[in-house]
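upload_7.json follows; it contains JSON, C-alpha atoms and all ligand atoms.
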```
[["chain", "number", "residue", "atom", "x", "y", "z"],
["W", 83, "MET", "CA", 93.01, 83.34, 124.29],
["W", 84, "LYS", "CA", 93.85, 79.91, 122.81],
["W", 85, "LYS", "CA", 92.53, 79.17, 119.35],
["W", 86, "ARG", "CA", 92.76, 76.33, 116.86],
["W", 87, "VAL", "CA", 93.93, 78.11, 113.75],
["W", 88, "LEU", "CA", 94.40, 77.28, 110.07],
["W", 89, "VAL", "CA", 96.66, 79.40, 107.85],
["W", 90, "ILE", "CA", 96.10, 78.72, 104.15],
["W", 91, "GLY", "CA", 99.01, 79.98, 102.04],
["W", 92, "ALA", "CA", 101.67, 79.72, 104.75],
["W", 93, "GLY", "CA", 104.54, 79.94, 102.28],
["W", 94, "GLY", "CA", 103.85, 83.49, 101.14],
["W", 95, "GLN", "CA", 105.25, 86.84, 102.21],
["W", 96, "ILE", "CA", 102.71, 87.33, 105.01],
["W", 97, "GLY", "CA", 101.79, 83.71, 105.76],
["W", 98, "SER", "CA", 105.38, 82.67, 106.45],
["W", 99, "GLU", "CA", 105.62, 85.22, 109.28],
["W", 100, "LEU", "CA", 102.02, 84.99, 110.42],
["W", 101, "VAL", "CA", 102.43, 81.29, 111.28],
["W", 102, "PRO", "CA", 105.34, 81.72, 113.77],
["W", 103, "PHE", "CA", 103.61, 84.83, 115.18],
["W", 104, "LEU", "CA", 100.41, 82.86, 115.85],
["W", 105, "ARG", "CA", 102.31, 79.84, 117.18],
["W", 106, "ASP", "CA", 103.95, 82.09, 119.77],
["W", 107, "ARG", "CA", 100.50, 83.26, 120.83],
["W", 108, "TYR", "CA", 98.41, 80.07, 120.74],
["W", 109, "GLY", "CA", 101.00, 77.30, 121.08],
["W", 110, "LYS", "CA", 102.71, 75.53, 118.21],
["W", 111, "ASP", "CA", 100.29, 72.60, 117.96],
["W", 112, "ASN", "CA", 97.28, 74.90, 117.64],
["W", 113, "VAL", "CA", 98.38, 76.50, 114.39],
["W", 114, "ILE", "CA", 98.15, 74.36, 111.25],
["W", 115, "ALA", "CA", 100.14, 75.75, 108.34],
["W", 116, "THR", "CA", 99.21, 74.75, 104.83],
["W", 117, "GLY", "CA", 100.76, 75.39, 101.46],
["W", 118, "ARG", "CA", 100.36, 74.19, 97.94],
["W", 119, "ARG", "CA", 102.86, 75.34, 95.39],
["W", 120, "THR", "CA", 106.30, 75.66, 96.88],
["W", 121, "LYS", "CA", 107.98, 73.98, 99.83],
["W", 122, "LEU", "CA", 107.11, 75.83, 103.01],
["W", 123, "PRO", "CA", 109.98, 77.80, 104.59],
["W", 124, "ASN", "CA", 111.92, 76.02, 107.36],
["W", 125, "VAL", "CA", 110.67, 78.38, 110.04],
["W", 126, "VAL", "CA", 107.13, 77.21, 109.23],
["W", 127, "LEU", "CA", 107.97, 73.53, 108.58],
["W", 128, "GLU", "CA", 110.01, 73.05, 111.72],
["W", 129, "GLY", "CA", 107.82, 75.09, 114.07],
["W", 130, "GLY", "CA", 104.64, 72.98, 114.17],
["W", 131, "PRO", "CA", 102.09, 71.03, 112.11],
["W", 132, "CYS", "CA", 102.12, 71.54, 108.34],
["W", 133, "ILE", "CA", 99.78, 70.02, 105.76],
["W", 134, "TYR", "CA", 99.59, 70.10, 101.96],
["W", 135, "LEU", "CA", 96.35, 71.82, 101.02],
["W", 136, "ASP", "CA", 94.94, 73.09, 97.76],
["W", 137, "ALA", "CA", 92.28, 75.73, 98.35],
["W", 138, "LEU", "CA", 90.74, 74.72, 95.03],
["W", 139, "ASN", "CA", 89.96, 71.31, 96.49],
["W", 140, "GLU", "CA", 86.95, 71.73, 98.76],
["W", 141, "GLU", "CA", 87.18, 68.18, 100.12],
["W", 142, "SER", "CA", 90.71, 68.70, 101.40],
["W", 143, "ILE", "CA", 89.69, 71.96, 103.14],
["W", 144, "LYS", "CA", 86.79, 70.10, 104.78],
["W", 145, "ARG", "CA", 89.08, 67.37, 106.05],
["W", 146, "VAL", "CA", 91.65, 69.75, 107.51],
["W", 147, "ILE", "CA", 89.04, 71.98, 109.18],
["W", 148, "TYR", "CA", 87.02, 69.06, 110.57],
["W", 149, "GLU", "CA", 89.91, 66.87, 111.76],
["W", 150, "ASN", "CA", 91.71, 69.78, 113.42],
["W", 151, "GLU", "CA", 88.65, 71.43, 114.98],
["W", 152, "ILE", "CA", 89.61, 74.75, 113.43],
["W", 153, "GLU", "CA", 88.13, 77.92, 114.95],
["W", 154, "HIS", "CA", 89.91, 80.65, 112.98],
["W", 155, "VAL", "CA", 90.90, 80.52, 109.31],
["W", 156, "TYR", "CA", 93.38, 82.95, 107.78],
["W", 157, "HIS", "CA", 93.03, 82.60, 104.02],
["W", 158, "MET", "CA", 96.25, 84.10, 102.66],
["W", 159, "ALA", "CA", 96.61, 82.24, 99.34],
["W", 160, "SER", "CA", 96.37, 84.75, 96.50],
["W", 161, "VAL", "CA", 97.75, 85.60, 93.07],
["W", 162, "LEU", "CA", 98.95, 89.24, 93.20],
["W", 163, "SER", "CA", 98.55, 92.10, 90.74],
["W", 164, "VAL", "CA", 101.42, 91.53, 88.30],
["W", 165, "THR", "CA", 101.00, 87.75, 88.03],
["W", 166, "GLY", "CA", 97.27, 88.35, 87.77],
["W", 167, "GLU", "CA", 97.78, 90.43, 84.62],
["W", 168, "LYS", "CA", 99.89, 87.65, 83.11],
["W", 169, "MET", "CA", 97.39, 84.92, 84.04],
["W", 170, "PRO", "CA", 93.99, 86.54, 84.61],
["W", 171, "GLN", "CA", 92.01, 83.29, 84.49],
["W", 172, "VAL", "CA", 94.32, 81.61, 87.03],
["W", 173, "ALA", "CA", 94.05, 84.69, 89.27],
["W", 174, "TRP", "CA", 90.26, 84.47, 89.19],
["W", 175, "ASP", "CA", 90.33, 80.73, 89.87],
["W", 176, "ILE", "CA", 92.66, 80.88, 92.85],
["W", 177, "ASN", "CA", 91.48, 84.16, 94.33],
["W", 178, "ILE", "CA", 87.73, 83.67, 93.94],
["W", 179, "ASN", "CA", 87.04, 79.94, 93.66],
["W", 180, "GLY", "CA", 89.58, 79.32, 96.43],
["W", 181, "LEU", "CA", 87.89, 81.91, 98.65],
["W", 182, "MET", "CA", 84.44, 80.51, 97.88],
["W", 183, "ASN", "CA", 85.58, 77.03, 98.99],
["W", 184, "VAL", "CA", 87.03, 78.42, 102.22],
["W", 185, "LEU", "CA", 83.86, 80.39, 103.02],
["W", 186, "GLU", "CA", 81.58, 77.48, 102.19],
["W", 187, "VAL", "CA", 83.44, 74.93, 104.30],
["W", 188, "SER", "CA", 83.89, 77.45, 107.12],
["W", 189, "ARG", "CA", 80.19, 78.16, 107.45],
["W", 190, "ARG", "CA", 79.29, 74.46, 107.29],
["W", 191, "TYR", "CA", 81.82, 73.50, 109.95],
["W", 192, "ASN", "CA", 81.03, 76.45, 112.25],
["W", 193, "VAL", "CA", 84.38, 78.22, 111.98],
["W", 194, "GLU", "CA", 84.22, 81.27, 114.26],
["W", 195, "ARG", "CA", 86.11, 83.75, 112.07],
["W", 196, "VAL", "CA", 87.56, 83.89, 108.58],
["W", 197, "ILE", "CA", 90.25, 86.53, 108.08],
["W", 198, "TRP", "CA", 90.85, 87.25, 104.41],
["W", 199, "PRO", "CA", 93.04, 90.15, 103.24],
["W", 200, "SER", "CA", 91.69, 92.43, 100.55],
["W", 201, "SER", "CA", 93.98, 95.04, 98.99],
["W", 202, "ILE", "CA", 94.30, 98.65, 97.89],
["W", 203, "ALA", "CA", 94.01, 97.04, 94.44],
["W", 204, "ALA", "CA", 90.24, 97.01, 95.02],
["W", 205, "PHE", "CA", 90.41, 100.72, 94.16],
["W", 206, "GLY", "CA", 90.90, 102.00, 90.63],
["W", 207, "PRO", "CA", 91.49, 105.09, 88.53],
["W", 208, "THR", "CA", 88.01, 106.50, 89.27],
["W", 209, "THR", "CA", 88.57, 106.33, 93.07],
["W", 210, "PRO", "CA", 89.79, 109.51, 94.83],
["W", 211, "ARG", "CA", 93.55, 108.88, 95.02],
["W", 212, "GLU", "CA", 94.43, 110.95, 98.04],
["W", 213, "ASN", "CA", 93.26, 109.97, 101.48],
["W", 214, "THR", "CA", 91.05, 107.34, 99.87],
["W", 215, "PRO", "CA", 88.04, 106.75, 102.13],
["W", 216, "ASN", "CA", 86.78, 103.38, 103.37],
["W", 217, "GLU", "CA", 83.50, 103.67, 101.48],
["W", 218, "THR", "CA", 84.16, 104.84, 97.93],
["W", 219, "ILE", "CA", 84.17, 103.87, 94.26],
["W", 220, "LEU", "CA", 85.53, 100.35, 93.62],
["W", 221, "GLN", "CA", 86.22, 100.07, 89.89],
["W", 222, "PRO", "CA", 89.63, 98.37, 89.58],
["W", 223, "THR", "CA", 91.25, 97.79, 86.20],
["W", 224, "THR", "CA", 93.42, 94.76, 87.12],
["W", 225, "MET", "CA", 92.16, 91.19, 87.42],
["W", 226, "TYR", "CA", 93.68, 91.09, 90.91],
["W", 227, "GLY", "CA", 91.64, 94.15, 91.89],
["W", 228, "ILE", "CA", 88.50, 92.66, 90.36],
["W", 229, "THR", "CA", 88.97, 89.50, 92.46],
["W", 230, "LYS", "CA", 89.44, 91.64, 95.58],
["W", 231, "VAL", "CA", 86.18, 93.52, 94.99],
["W", 232, "ALA", "CA", 84.32, 90.30, 94.19],
["W", 233, "GLY", "CA", 85.89, 88.66, 97.25],
["W", 234, "GLU", "CA", 84.85, 91.52, 99.52],
["W", 235, "LEU", "CA", 81.27, 91.15, 98.28],
["W", 236, "LEU", "CA", 81.35, 87.37, 98.65],
["W", 237, "ALA", "CA", 82.64, 87.57, 102.22],
["W", 238, "GLU", "CA", 79.95, 90.12, 103.05],
["W", 239, "TYR", "CA", 77.34, 87.82, 101.49],
["W", 240, "TYR", "CA", 78.42, 84.88, 103.68],
["W", 241, "TYR", "CA", 78.25, 87.11, 106.73],
["W", 242, "LYS", "CA", 74.77, 88.38, 105.97],
["W", 243, "LYS", "CA", 73.26, 85.15, 104.68],
["W", 244, "TYR", "CA", 74.88, 82.58, 106.96],
["W", 245, "GLY", "CA", 76.23, 84.58, 109.89],
["W", 246, "LEU", "CA", 79.83, 83.54, 109.14],
["W", 247, "LEU", "CA", 82.05, 86.15, 110.77],
["W", 248, "THR", "CA", 84.31, 87.36, 107.97],
["W", 249, "LEU", "CA", 86.78, 90.23, 108.32],
["W", 250, "SER", "CA", 89.06, 91.83, 105.75],
["W", 251, "MET", "CA", 91.63, 94.58, 105.67],
["W", 252, "ARG", "CA", 92.59, 96.37, 102.44],
["W", 253, "LEU", "CA", 96.32, 95.85, 102.64],
["W", 254, "PRO", "CA", 98.74, 98.27, 101.00],
["W", 255, "GLY", "CA", 102.22, 97.09, 99.89],
["W", 256, "ILE", "CA", 103.77, 95.00, 102.66],
["W", 257, "ILE", "CA", 107.44, 95.44, 103.47],
["W", 258, "SER", "CA", 109.07, 92.49, 105.18],
["W", 259, "SER", "CA", 112.45, 90.91, 105.76],
["W", 260, "GLU", "CA", 111.77, 87.14, 105.84],
["W", 261, "THR", "CA", 110.08, 86.00, 102.61],
["W", 262, "LEU", "CA", 110.31, 87.99, 99.40],
["W", 263, "PRO", "CA", 106.99, 88.99, 97.88],
["W", 264, "GLY", "CA", 106.26, 87.66, 94.41],
["W", 265, "GLY", "CA", 104.21, 89.01, 91.54],
["W", 266, "GLY", "CA", 103.12, 92.32, 93.07],
["W", 267, "THR", "CA", 103.42, 95.95, 91.98],
["W", 268, "THR", "CA", 104.70, 97.06, 95.39],
["W", 269, "ASP", "CA", 107.47, 94.42, 95.41],
["W", 270, "TYR", "CA", 110.07, 97.06, 94.52],
["W", 271, "ALA", "CA", 109.90, 98.38, 98.07],
["W", 272, "VAL", "CA", 111.29, 95.07, 99.38],
["W", 273, "GLU", "CA", 113.70, 94.22, 96.52],
["W", 274, "ILE", "CA", 115.38, 97.61, 96.90],
["W", 275, "PHE", "CA", 116.72, 96.65, 100.37],
["W", 276, "TYR", "CA", 118.33, 93.43, 99.12],
["W", 277, "GLU", "CA", 120.01, 95.21, 96.20],
["W", 278, "ALA", "CA", 121.09, 98.20, 98.30],
["W", 279, "ILE", "CA", 122.82, 95.94, 100.81],
["W", 280, "LYS", "CA", 124.28, 93.40, 98.36],
["W", 281, "ASN", "CA", 125.14, 95.49, 95.29],
["W", 282, "LYS", "CA", 124.67, 99.13, 96.28],
["W", 283, "LYS", "CA", 122.54, 99.67, 93.19],
["W", 284, "TYR", "CA", 118.96, 99.03, 92.08],
["W", 285, "GLU", "CA", 116.95, 99.54, 88.91],
["W", 286, "CYS", "CA", 113.43, 100.44, 89.96],
["W", 287, "PHE", "CA", 110.51, 99.36, 87.77],
["W", 288, "LEU", "CA", 108.40, 102.33, 88.96],
["W", 289, "GLY", "CA", 109.15, 106.03, 88.46],
["W", 290, "GLU", "CA", 110.83, 108.14, 91.13],
["W", 291, "ASP", "CA", 107.64, 110.10, 91.97],
["W", 292, "THR", "CA", 105.35, 107.10, 92.23],
["W", 293, "ILE", "CA", 103.68, 107.27, 95.59],
["W", 294, "LEU", "CA", 101.96, 104.23, 97.11],
["W", 295, "PRO", "CA", 100.58, 103.27, 100.52],
["W", 296, "MET", "CA", 102.73, 100.73, 102.42],
["W", 297, "MET", "CA", 102.91, 98.93, 105.76],
["W", 298, "TYR", "CA", 105.67, 97.21, 107.69],
["W", 299, "GLN", "CA", 105.17, 93.53, 108.46],
["W", 300, "PRO", "CA", 104.94, 93.79, 112.29],
["W", 301, "ASP", "CA", 101.96, 96.13, 111.86],
["W", 302, "CYS", "CA", 100.47, 93.81, 109.25],
["W", 303, "LEU", "CA", 100.69, 90.78, 111.58],
["W", 304, "GLN", "CA", 99.14, 92.77, 114.43],
["W", 305, "CYS", "CA", 96.30, 93.81, 112.12],
["W", 306, "HIS", "CA", 95.50, 90.16, 111.38],
["W", 307, "VAL", "CA", 95.49, 89.22, 115.05],
["W", 308, "ASP", "CA", 93.38, 92.27, 115.97],
["W", 309, "MET", "CA", 90.75, 91.14, 113.50],
["W", 310, "ALA", "CA", 90.85, 87.62, 114.90],
["W", 311, "GLU", "CA", 90.82, 88.50, 118.59],
["W", 312, "LYS", "CA", 89.03, 91.78, 119.15],
["W", 313, "ASP", "CA", 85.41, 91.77, 120.27],
["W", 314, "GLU", "CA", 83.29, 91.14, 117.19],
["W", 315, "LYS", "CA", 80.89, 93.91, 118.21],
["W", 316, "LEU", "CA", 83.59, 96.48, 117.46],
["W", 317, "PHE", "CA", 83.54, 95.60, 113.78],
["W", 318, "LYS", "CA", 80.69, 97.53, 112.22],
["W", 319, "ARG", "CA", 81.60, 96.47, 108.68],
["W", 320, "ARG", "CA", 83.37, 93.58, 106.97],
["W", 321, "VAL", "CA", 86.15, 95.49, 105.20],
["W", 322, "TYR", "CA", 88.51, 98.13, 106.54],
["W", 323, "ASN", "CA", 91.07, 100.44, 105.01],
["W", 324, "VAL", "CA", 94.37, 100.19, 106.87],
["W", 325, "THR", "CA", 97.73, 101.78, 106.15],
["W", 326, "GLY", "CA", 101.09, 102.40, 107.73],
["W", 327, "MET", "CA", 102.75, 105.08, 105.59],
["W", 328, "SER", "CA", 102.90, 106.46, 102.03],
["W", 329, "PHE", "CA", 106.12, 107.30, 100.21],
["W", 330, "THR", "CA", 107.51, 107.75, 96.72],
["W", 331, "ALA", "CA", 110.23, 105.49, 95.36],
["W", 332, "GLY", "CA", 112.52, 108.56, 95.58],
["W", 333, "GLU", "CA", 111.71, 109.13, 99.26],
["W", 334, "LEU", "CA", 112.40, 105.48, 100.10],
["W", 335, "THR", "CA", 115.73, 105.73, 98.26],
["W", 336, "ALA", "CA", 116.71, 108.89, 100.15],
["W", 337, "GLU", "CA", 115.92, 107.22, 103.48],
["W", 338, "ILE", "CA", 118.04, 104.16, 102.59],
["W", 339, "GLN", "CA", 120.87, 106.47, 101.45],
["W", 340, "LYS", "CA", 121.01, 107.94, 104.96],
["W", 341, "HIS", "CA", 122.34, 104.52, 106.02],
["W", 342, "ILE", "CA", 124.08, 103.48, 102.78],
["W", 343, "PRO", "CA", 125.33, 106.77, 101.24],
["W", 344, "ASP", "CA", 126.86, 105.17, 98.12],
["W", 345, "PHE", "CA", 123.62, 103.37, 97.16],
["W", 346, "LYS", "CA", 122.65, 104.33, 93.58],
["W", 347, "ILE", "CA", 119.23, 103.99, 91.95],
["W", 348, "THR", "CA", 118.02, 104.21, 88.37],
["W", 349, "TYR", "CA", 114.37, 104.34, 87.34],
["W", 350, "LYS", "CA", 113.05, 102.34, 84.40],
["W", 351, "PRO", "CA", 109.26, 102.25, 84.66],
["W", 352, "ASP", "CA", 107.66, 99.30, 82.86],
["W", 353, "PHE", "CA", 104.09, 97.96, 82.51],
["W", 354, "ARG", "CA", 103.78, 97.90, 86.30],
["W", 355, "GLN", "CA", 103.72, 101.72, 86.34],
["W", 356, "GLU", "CA", 100.20, 101.70, 84.90],
["W", 357, "ILE", "CA", 99.00, 99.45, 87.72],
["W", 358, "ALA", "CA", 100.62, 101.68, 90.36],
["W", 359, "ASP", "CA", 99.07, 104.77, 88.76],
["W", 360, "SER", "CA", 95.60, 103.24, 89.09],
["W", 361, "TRP", "CA", 95.98, 102.81, 92.88],
["W", 362, "PRO", "CA", 95.62, 105.32, 95.72],
["W", 363, "LYS", "CA", 98.52, 107.47, 96.87],
["W", 364, "SER", "CA", 97.36, 107.54, 100.46],
["W", 365, "ILE", "CA", 94.65, 105.83, 102.48],
["W", 366, "ASP", "CA", 92.23, 107.16, 105.06],
["W", 367, "ASP", "CA", 92.10, 104.48, 107.75],
["W", 368, "SER", "CA", 90.35, 106.62, 110.37],
["W", 369, "ILE", "CA", 87.35, 104.27, 110.51],
["W", 370, "ALA", "CA", 89.55, 101.31, 111.49],
["W", 371, "ARG", "CA", 91.29, 103.47, 114.09],
["W", 372, "LYS", "CA", 87.99, 104.63, 115.54],
["W", 373, "GLU", "CA", 85.99, 101.41, 115.44],
["W", 374, "TRP", "CA", 88.48, 98.78, 116.62],
["W", 375, "GLY", "CA", 91.60, 100.68, 117.57],
["W", 376, "TRP", "CA", 93.89, 100.10, 114.57],
["W", 377, "ASP", "CA", 97.19, 101.65, 115.59],
["W", 378, "PRO", "CA", 100.20, 101.01, 113.34],
["W", 379, "LYS", "CA", 103.61, 101.68, 114.86],
["W", 380, "TYR", "CA", 106.06, 102.03, 111.96],
["W", 381, "ASP", "CA", 106.72, 105.07, 109.78],
["W", 382, "LEU", "CA", 109.21, 105.27, 106.88],
["W", 383, "LYS", "CA", 112.21, 106.13, 109.06],
["W", 384, "GLU", "CA", 111.64, 103.36, 111.62],
["W", 385, "MET", "CA", 110.79, 100.79, 108.96],
["W", 386, "VAL", "CA", 113.97, 101.48, 106.93],
["W", 387, "LYS", "CA", 116.17, 101.33, 110.01],
["W", 388, "ASN", "CA", 114.60, 98.07, 111.13],
["W", 389, "MET", "CA", 114.81, 96.44, 107.67],
["W", 390, "LEU", "CA", 118.51, 97.32, 107.37],
["W", 391, "ASP", "CA", 119.26, 96.14, 110.92],
["W", 392, "VAL", "CA", 117.69, 92.76, 110.17],
["W", 393, "LEU", "CA", 118.87, 92.23, 106.59],
["W", 394, "THR", "CA", 122.41, 93.63, 106.65],
["W", 395, "PRO", "CA", 124.02, 90.96, 108.88],
["W", 396, "ARG", "CA", 122.14, 88.21, 107.01],
["W", 397, "LEU", "CA", 123.01, 89.35, 103.48],
["W", 398, "LYS", "CA", 126.60, 90.28, 104.22],
["W", 399, "LYS", "CA", 127.46, 86.84, 105.64],
["W", 401, "LIG", "C1", 100.52, 93.92, 94.92],
["W", 401, "LIG", "O1", 101.39, 94.78, 94.69],
["W", 401, "LIG", "O2", 99.92, 93.31, 94.04],
["W", 401, "LIG", "C2", 100.15, 93.66, 96.36],
["W", 401, "LIG", "C3", 99.01, 94.49, 96.84],
["W", 401, "LIG", "C4", 99.13, 95.95, 96.99],
["W", 401, "LIG", "O3", 97.96, 93.96, 97.12],
["W", 401, "LIG", "N1", 101.30, 93.88, 97.20]]
```
What's the C-alpha cells form of this structure?
Amino acid sequence: MKKRVLVIGAGGQIGSELVPFLRDRYGKDNVIATGRRTKLPNVVLEGGPCIYLDALNEESIKRVIYENEIEHVYHMASVLSVTGEKMPQVAWDININGLMNVLEVSRRYNVERVIWPSSIAAFGPTTPRENTPNETILQPTTMYGITKVAGELLAEYYYKKYGLLTLSMRLPGIISSETLPGGGTTDYAVEIFYEAIKNKKYECFLGEDTILPMMYQPDCLQCHVDMAEKDEKLFKRRVYNVTGMSFTAGELTAEIQKHIPDFKITYKPDFRQEIADSWPKSIDDSIARKEWGWDPKYDLKEMVKNMLDVLTPRLKK
C-alpha cells in the first residue's frame, strides 16, 4: 500500500519516530512532515519533505493537503496534561481548534483517513480505574482530558455527518528512546532511563505505588499504522482503548535495577500525583484486540531491556 501522508506535529515524541517509520513503508517523498514550534529533529528533516505548518492556520493546512494530494493525515500536535494545567486556554486552542481545522479541511479535500490520538486522560476519577472498559464514564478533571473527550466527540461528529473516516486510540504513557516527551504526567517513565544510565539516581515526581498504563513506542507506531491501513469495515467505532502494560514506579525501578544494580531512586510526589491518581491503573483493550486485531508485543521486561540496549551506548559516549 502506497499512501500520500501528512504528519502534523512531527517534532514530538511520537511524531518524530512515526515519520521515519512511515517513510520506510510508503517511500520518503510520500510522507510530508510538518512542525511548528521547535526545529524538527535531524532524522525527520534529513529523511524527506518537511514543511512549516501551524494547525491553527486553516489556510496553511488547506494548501499543504491540496498541493500534496494527501490521503492520510496523522494529527499528532497536542499540548499534554501537565502543560495543559499550566496553560488551559492554550491547551484548548491547540488541541481543539487545531483538530477542528484538520477535520474541516480533511473532509473538504476528501482525505481518506484522519488518525488522531486520544488518551487515557479522557477518563477521570469517576471512571472505574481497574481494567477500564472502552465504553465508560468520561469525566476528566484536567484540561487535557477535557480536550480529549471533546476531540473524540468532534471526530465522531465529522464521521457521522460528513463520512470523514476518523480513527483514534486512547494512548497510555508512551515510552520511547528517540525524542523525550514534554509536559506529560507519564514522562517520568522515560526520564528515569536517562538518569539511571547517566547519573545512577533519579527523583521521581510520582509516588512509588503509582500505577499507570503504558506502551512501548514500537507498539504505538504499529497501532497508528494499523488504524491507517486495516480494512475500514473492521472498525466498528471511532475510538479504541489500547494498552501495552501497567506498572508502578517501584516496579519499573526494580526492573531497571536488574540491569543497573546501583541505581537509586527517591520519590517526591508533586502536583502531578493528583493527575496520575485521576487516571486508570489498567486498561481493558479487548475490543480493539477483537475487532481489528490489536496485538502489542512489549511487556515491562522486554521494554526495559530494549530501552537500555538502545540508550546506554548513546548516553555513555
Ligand atoms: C500525558 O502524560 O499527559 C500523556 C498522556 C497519558 O496522554 N503522556
Exercise for review: Let me have all residues with an atom within 6 Å of ligand LIG 401 (chain W), counting only C-alpha atoms and all ligand atoms, laid out as a PyMOL selection string.
Suggested key: chain W and resi 162-163+201-203+254-255+266-268
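For the pair atom CA of Gly97 of chain W and atom CA of Ser360 of chain W, the interatomic distance is 26.4 Å.
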Give me, as a tab-separated table, each residue of segment 339-369 of chain W that comes within 10 Å of segment 224-242 of chain W, together with its shortest interatomic pair and the distance in Å at one decimal, counting only C-alpha atoms, with rows ordered by chain and rising residue number.
```
residue	atom	partner	partner_atom	distance
W:Glu356	CA	W:Thr224	CA	10.0
W:Ile357	CA	W:Thr224	CA	7.3
W:Ser360	CA	W:Thr224	CA	9.0
W:Trp361	CA	W:Gly227	CA	9.7
```
**Study point:** Top pick for closest residue to Arg211 of chain W, considering W:Glu99, W:Asp366, W:Asp377, W:Asp391 and counting only C-alpha atoms
**Key:** W:Asp366
Practice item. Just the residues within 7 Å of Val193 of chain W, please, counting all atoms listed in the file, with nothing from its chain fewer than 5 positions along; format it as a ChimeraX atom specification. Key: /W:152-154,188
Pull the closest atom pair for each residue of segment 133-245 of chain W that gets at most 12 Å from segment 102-123 of chain W, along with the distance in Å to one decimal, counting only C-alpha atoms, ordering rows by chain and then ascending residue number, as JSON lines.
```
{"residue": "W:Ile133", "atom": "CA", "partner": "W:Thr116", "partner_atom": "CA", "distance": 4.9}
{"residue": "W:Tyr134", "atom": "CA", "partner": "W:Gly117", "partner_atom": "CA", "distance": 5.4}
{"residue": "W:Leu135", "atom": "CA", "partner": "W:Arg118", "partner_atom": "CA", "distance": 5.6}
{"residue": "W:Asp136", "atom": "CA", "partner": "W:Arg118", "partner_atom": "CA", "distance": 5.5}
{"residue": "W:Ala137", "atom": "CA", "partner": "W:Arg118", "partner_atom": "CA", "distance": 8.2}
{"residue": "W:Leu138", "atom": "CA", "partner": "W:Arg118", "partner_atom": "CA", "distance": 10.1}
{"residue": "W:Asn139", "atom": "CA", "partner": "W:Arg118", "partner_atom": "CA", "distance": 10.9}
{"residue": "W:Ser142", "atom": "CA", "partner": "W:Thr116", "partner_atom": "CA", "distance": 11.0}
{"residue": "W:Ile143", "atom": "CA", "partner": "W:Thr116", "partner_atom": "CA", "distance": 10.1}
{"residue": "W:Val146", "atom": "CA", "partner": "W:Ile114", "partner_atom": "CA", "distance": 8.8}
{"residue": "W:Ile147", "atom": "CA", "partner": "W:Ile114", "partner_atom": "CA", "distance": 9.6}
{"residue": "W:Glu149", "atom": "CA", "partner": "W:Ile114", "partner_atom": "CA", "distance": 11.1}
{"residue": "W:Asn150", "atom": "CA", "partner": "W:Ile114", "partner_atom": "CA", "distance": 8.2}
{"residue": "W:Glu151", "atom": "CA", "partner": "W:Asn112", "partner_atom": "CA", "distance": 9.7}
{"residue": "W:Ile152", "atom": "CA", "partner": "W:Asn112", "partner_atom": "CA", "distance": 8.8}
{"residue": "W:Glu153", "atom": "CA", "partner": "W:Asn112", "partner_atom": "CA", "distance": 10.0}
{"residue": "W:His154", "atom": "CA", "partner": "W:Val113", "partner_atom": "CA", "distance": 9.5}
{"residue": "W:Val155", "atom": "CA", "partner": "W:Ile114", "partner_atom": "CA", "distance": 9.7}
{"residue": "W:Tyr156", "atom": "CA", "partner": "W:Ala115", "partner_atom": "CA", "distance": 9.9}
{"residue": "W:His157", "atom": "CA", "partner": "W:Thr116", "partner_atom": "CA", "distance": 10.0}
{"residue": "W:Met158", "atom": "CA", "partner": "W:Gly117", "partner_atom": "CA", "distance": 9.9}
{"residue": "W:Ala159", "atom": "CA", "partner": "W:Gly117", "partner_atom": "CA", "distance": 8.3}
{"residue": "W:Ser160", "atom": "CA", "partner": "W:Arg118", "partner_atom": "CA", "distance": 11.4}
{"residue": "W:Val161", "atom": "CA", "partner": "W:Arg119", "partner_atom": "CA", "distance": 11.7}
{"residue": "W:Ile176", "atom": "CA", "partner": "W:Arg118", "partner_atom": "CA", "distance": 11.4}
```
Kindly save the residues from that selection, with C-alpha atoms included, as a tab-separated table (two decimals), in the coordinates of the input.
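The result, stored in part-v2.tsv:
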```
chain	number	residue	atom	x	y	z
W	133	ILE	CA	99.78	70.02	105.76
W	134	TYR	CA	99.59	70.10	101.96
W	135	LEU	CA	96.35	71.82	101.02
W	136	ASP	CA	94.94	73.09	97.76
W	137	ALA	CA	92.28	75.73	98.35
W	138	LEU	CA	90.74	74.72	95.03
W	139	ASN	CA	89.96	71.31	96.49
W	142	SER	CA	90.71	68.70	101.40
W	143	ILE	CA	89.69	71.96	103.14
W	146	VAL	CA	91.65	69.75	107.51
W	147	ILE	CA	89.04	71.98	109.18
W	149	GLU	CA	89.91	66.87	111.76
W	150	ASN	CA	91.71	69.78	113.42
W	151	GLU	CA	88.65	71.43	114.98
W	152	ILE	CA	89.61	74.75	113.43
W	153	GLU	CA	88.13	77.92	114.95
W	154	HIS	CA	89.91	80.65	112.98
W	155	VAL	CA	90.90	80.52	109.31
W	156	TYR	CA	93.38	82.95	107.78
W	157	HIS	CA	93.03	82.60	104.02
W	158	MET	CA	96.25	84.10	102.66
W	159	ALA	CA	96.61	82.24	99.34
W	160	SER	CA	96.37	84.75	96.50
W	161	VAL	CA	97.75	85.60	93.07
W	176	ILE	CA	92.66	80.88	92.85
```
What would segment 292-297 of chain W look like with N, CA and C atoms restored, written as an mmCIF file, keeping the file's coordinate frame?
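Written output follows (result_2.cif):
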```
data_model
loop_
_atom_site.group_PDB
_atom_site.id
_atom_site.type_symbol
_atom_site.label_atom_id
_atom_site.label_comp_id
_atom_site.auth_asym_id
_atom_site.auth_seq_id
_atom_site.Cartn_x
_atom_site.Cartn_y
_atom_site.Cartn_z
ATOM 1 N N THR W 292 106.509 107.961 91.985
ATOM 2 C CA THR W 292 105.350 107.100 92.230
ATOM 3 C C THR W 292 105.134 106.929 93.730
ATOM 4 N N ILE W 293 103.961 107.349 94.155
ATOM 5 C CA ILE W 293 103.680 107.270 95.590
ATOM 6 C C ILE W 293 102.612 106.196 95.844
ATOM 7 N N LEU W 294 102.895 105.326 96.789
ATOM 8 C CA LEU W 294 101.960 104.230 97.110
ATOM 9 C C LEU W 294 101.873 104.050 98.630
ATOM 10 N N PRO W 295 100.717 103.585 99.102
ATOM 11 C CA PRO W 295 100.580 103.270 100.520
ATOM 12 C C PRO W 295 101.305 101.959 100.852
ATOM 13 N N MET W 296 101.936 101.908 102.015
ATOM 14 C CA MET W 296 102.730 100.730 102.420
ATOM 15 C C MET W 296 102.522 100.456 103.906
ATOM 16 N N MET W 297 102.978 99.283 104.340
ATOM 17 C CA MET W 297 102.910 98.930 105.760
ATOM 18 C C MET W 297 104.050 97.972 106.080
#
```
